[in-house]
Amino acid sequence: GTVYRATQLNLERPVAMKIMRSDILSNPVAIERFKREALAIARLKHPRIVAIYDYGVASEVGAYIVMEHLEGKALNAEVKERRTIPIDQAIRWMRQVCSAVAVAHAAGVIHRDLKPHNIFLEATQDGPFVKVLDFGLAKLQRATDEGIGSLTKSGTLVGSPPYMSPEQCEDLPLDAQSDIYSLGCVFYEMVAGRPPLVGSSPIDTLVKHMNEQPRPASEVNPEVPAALDAILLKALSKHKKDRYESAAEFGQVLGSVEVGVDPDR
């Protein structure tokens, strides 16, 4: 879809309006996936998750989602501009992301596409305020709407290869641990300036995630402390059982590297 800046006339406020491309409006699965994004966001109440105001299908517009309008930039733009994020700031931002993802998991929502493009740094007077965006590939583990749970088809990979867990690369069932792997990929890129595993093609990248161990981040950026190397390698474990049990635990462990980091500051 395409996101537009719009004005909600009755409340006279700016909003972000995501509209599905007209060429896929005839695809019922695509429409249902679009609806699922609206449902996924609407059920989540957290200041660090983008708020949804409305969803619908109109003949003159198509399928649309109306969300809060954010000023700022995505994390991938920040990394591209700065090459690496200072360690203390990277920890603070990732802990904020973990707090939002933990709430999503508690509500039965698996994001499945966590990457720097979907983490937004909202510009505020007190500095960047982190928000998690784009639940278009989200999986509702406890969906109440009939048919939503069947949208994930075997043989159809969804996600972004540089941030996909080994089980996601193999089109296996996903749970919270898959999102934790993706969070590890995002944090690695924040401190190292590039994702942990990148191949010569999307397929090559998937193969690397399934079979190769990433280099310690400190070998790419000497400023990364050894403690973070260990934390990242655990988050990026090939087997789910070897990763952190929850996004909350991942955030807590990151917090132990820098005392006094508050995920809600």
# chains A, B, ... in the order shown; residues from 1 in each chain; ligands from 1
>>> residues_around(residues="Arg82 in chain A", least_positions_apart="3", cutoff="12 Å", atoms="only C-alpha atoms", output="list in words")
Leu75, Asn76, Ala77, Glu78, Val79, Ile85, Pro86, Ala90, Glu189, Met190, Val191, Ala192, Gly193 and Arg194 of chain A
>>> select_by_dssp(residues="range 6-204 of chain A", states="helix (DSSP H, G or I)", output="number ranges by chain")
A: 22-24, 28-42, 75-82, 87-106, 116-118, 148-150, 161-163, 166-169, 176-192, 202-204
>>> write_last_selection(atoms="C-alpha atoms", output="mmCIF file, in the first residue's frame")
data_model
loop_
_atom_site.group_PDB
_atom_site.id
_atom_site.type_symbol
_atom_site.label_atom_id
_atom_site.label_comp_id
_atom_site.auth_asym_id
_atom_site.auth_seq_id
_atom_site.Cartn_x
_atom_site.Cartn_y
_atom_site.Cartn_z
ATOM 1 C CA SER A 22 -5.775 -0.588 -6.616
ATOM 2 C CA ASP A 23 -4.300 -3.483 -8.614
ATOM 3 C CA ILE A 24 -4.625 -5.881 -5.669
ATOM 4 C CA PRO A 28 -9.553 -11.351 -1.248
ATOM 5 C CA VAL A 29 -6.463 -12.657 0.599
ATOM 6 C CA ALA A 30 -4.750 -9.284 0.241
ATOM 7 C CA ILE A 31 -7.873 -7.510 1.502
ATOM 8 C CA GLU A 32 -8.031 -9.866 4.468
ATOM 9 C CA ARG A 33 -4.360 -9.303 5.242
ATOM 10 C CA PHE A 34 -4.966 -5.555 5.151
ATOM 11 C CA LYS A 35 -7.865 -6.017 7.564
ATOM 12 C CA ARG A 36 -5.630 -8.137 9.767
ATOM 13 C CA GLU A 37 -3.142 -5.281 10.070
ATOM 14 C CA ALA A 38 -5.949 -3.030 11.310
ATOM 15 C CA LEU A 39 -7.106 -5.655 13.805
ATOM 16 C CA ALA A 40 -3.567 -6.312 14.991
ATOM 17 C CA ILE A 41 -2.864 -2.653 15.697
ATOM 18 C CA ALA A 42 -6.289 -1.943 17.185
ATOM 19 C CA LEU A 75 15.434 3.818 12.196
ATOM 20 C CA ASN A 76 16.966 2.616 8.918
ATOM 21 C CA ALA A 77 17.387 6.249 7.817
ATOM 22 C CA GLU A 78 19.076 7.058 11.143
ATOM 23 C CA VAL A 79 21.492 4.129 10.781
ATOM 24 C CA LYS A 80 22.272 5.066 7.186
ATOM 25 C CA GLU A 81 22.985 8.642 8.227
ATOM 26 C CA ARG A 82 25.085 7.848 11.310
ATOM 27 C CA ILE A 87 25.922 1.949 22.279
ATOM 28 C CA ASP A 88 24.027 3.596 25.131
ATOM 29 C CA GLN A 89 21.457 5.071 22.752
ATOM 30 C CA ALA A 90 21.082 1.793 20.841
ATOM 31 C CA ILE A 91 20.380 -0.016 24.113
ATOM 32 C CA ARG A 92 17.849 2.598 25.168
ATOM 33 C CA TRP A 93 15.980 2.484 21.859
ATOM 34 C CA MET A 94 16.001 -1.311 21.636
ATOM 35 C CA ARG A 95 14.666 -1.624 25.173
ATOM 36 C CA GLN A 96 11.816 0.654 24.154
ATOM 37 C CA VAL A 97 11.124 -1.541 21.115
ATOM 38 C CA CYS A 98 11.232 -4.647 23.337
ATOM 39 C CA SER A 99 8.650 -3.144 25.690
ATOM 40 C CA ALA A 100 6.256 -2.634 22.760
ATOM 41 C CA VAL A 101 6.885 -6.066 21.232
ATOM 42 C CA ALA A 102 6.353 -7.708 24.628
ATOM 43 C CA VAL A 103 2.886 -6.143 24.819
ATOM 44 C CA ALA A 104 2.109 -7.381 21.301
ATOM 45 C CA HIS A 105 3.193 -10.913 22.210
ATOM 46 C CA ALA A 106 1.107 -10.841 25.389
ATOM 47 C CA PRO A 116 14.710 -0.850 11.034
ATOM 48 C CA HIS A 117 12.211 0.310 8.374
ATOM 49 C CA ASN A 118 9.331 -0.524 10.755
ATOM 50 C CA ILE A 148 -7.719 -14.873 9.758
ATOM 51 C CA GLY A 149 -5.541 -17.621 11.161
ATOM 52 C CA SER A 150 -5.478 -19.411 7.809
ATOM 53 C CA PRO A 161 15.378 -11.710 4.407
ATOM 54 C CA PRO A 162 18.079 -9.771 6.338
ATOM 55 C CA TYR A 163 15.935 -9.944 9.501
ATOM 56 C CA PRO A 166 15.950 -19.533 10.528
ATOM 57 C CA GLU A 167 12.501 -21.031 11.081
ATOM 58 C CA GLN A 168 10.893 -18.173 9.146
ATOM 59 C CA CYS A 169 13.341 -18.788 6.283
ATOM 60 C CA ALA A 176 7.555 -14.937 19.825
ATOM 61 C CA GLN A 177 11.088 -16.347 19.550
ATOM 62 C CA SER A 178 11.084 -15.560 15.836
ATOM 63 C CA ASP A 179 10.454 -11.890 16.586
ATOM 64 C CA ILE A 180 13.269 -12.003 19.168
ATOM 65 C CA TYR A 181 15.673 -13.205 16.469
ATOM 66 C CA SER A 182 14.561 -10.276 14.286
ATOM 67 C CA LEU A 183 15.109 -7.879 17.189
ATOM 68 C CA GLY A 184 18.610 -9.280 17.505
ATOM 69 C CA CYS A 185 19.205 -8.559 13.814
ATOM 70 C CA VAL A 186 17.950 -4.993 14.244
ATOM 71 C CA PHE A 187 20.113 -4.342 17.303
ATOM 72 C CA TYR A 188 23.150 -5.847 15.558
ATOM 73 C CA GLU A 189 22.660 -3.427 12.662
ATOM 74 C CA MET A 190 22.274 -0.502 15.059
ATOM 75 C CA VAL A 191 25.671 -1.109 16.677
ATOM 76 C CA ALA A 192 27.559 -2.676 13.751
ATOM 77 C CA PRO A 202 17.688 -12.782 -1.033
ATOM 78 C CA ILE A 203 17.894 -16.573 -1.324
ATOM 79 C CA ASP A 204 21.554 -16.543 -0.298
#
>>> residues_around(residues="Tyr53 in chain A", least_positions_apart="3", cutoff="12 Å", atoms="only C-alpha atoms", output="VMD selection string")
chain A and resid 8 11 13 to 18 38 to 39 41 to 43 50 56 64 to 69
>>> select_by_dssp(residues="range 46-92 of chain A", states="strand (DSSP E or B)", output="list in words")
Ile49, Ile52, Tyr53, Asp54, Tyr55, Gly56, Val57, Ala58, Gly62, Ala63, Tyr64, Ile65, Val66, Met67, Glu68, Gly72, Lys73 and Ala74 of chain A
>>> atom_distance(atom1="CA of Ala74 in chain A", atom2="CA of Ala227 in chain A")
27.1 Å
>>> atom_distance(atom1="CA of Val132 in chain A", atom2="CA of Leu114 in chain A")
8.4 Å
>>> residues_around(residues="Pro214 in chain A", least_positions_apart="6", cutoff="9 Å", atoms="only C-alpha atoms", output="PyMOL selection string")
chain A and resi 196-197+208+233+236
>>> atom_distance(atom1="CA of Lys45 in chain A", atom2="CA of Leu172 in chain A")
28.7 Å
>>> closest_residue(among="A:Pro222, A:Lys115, A:His209, A:Ile110", to="Ala247 in chain A", atoms="only C-alpha atoms")
A:Ile110
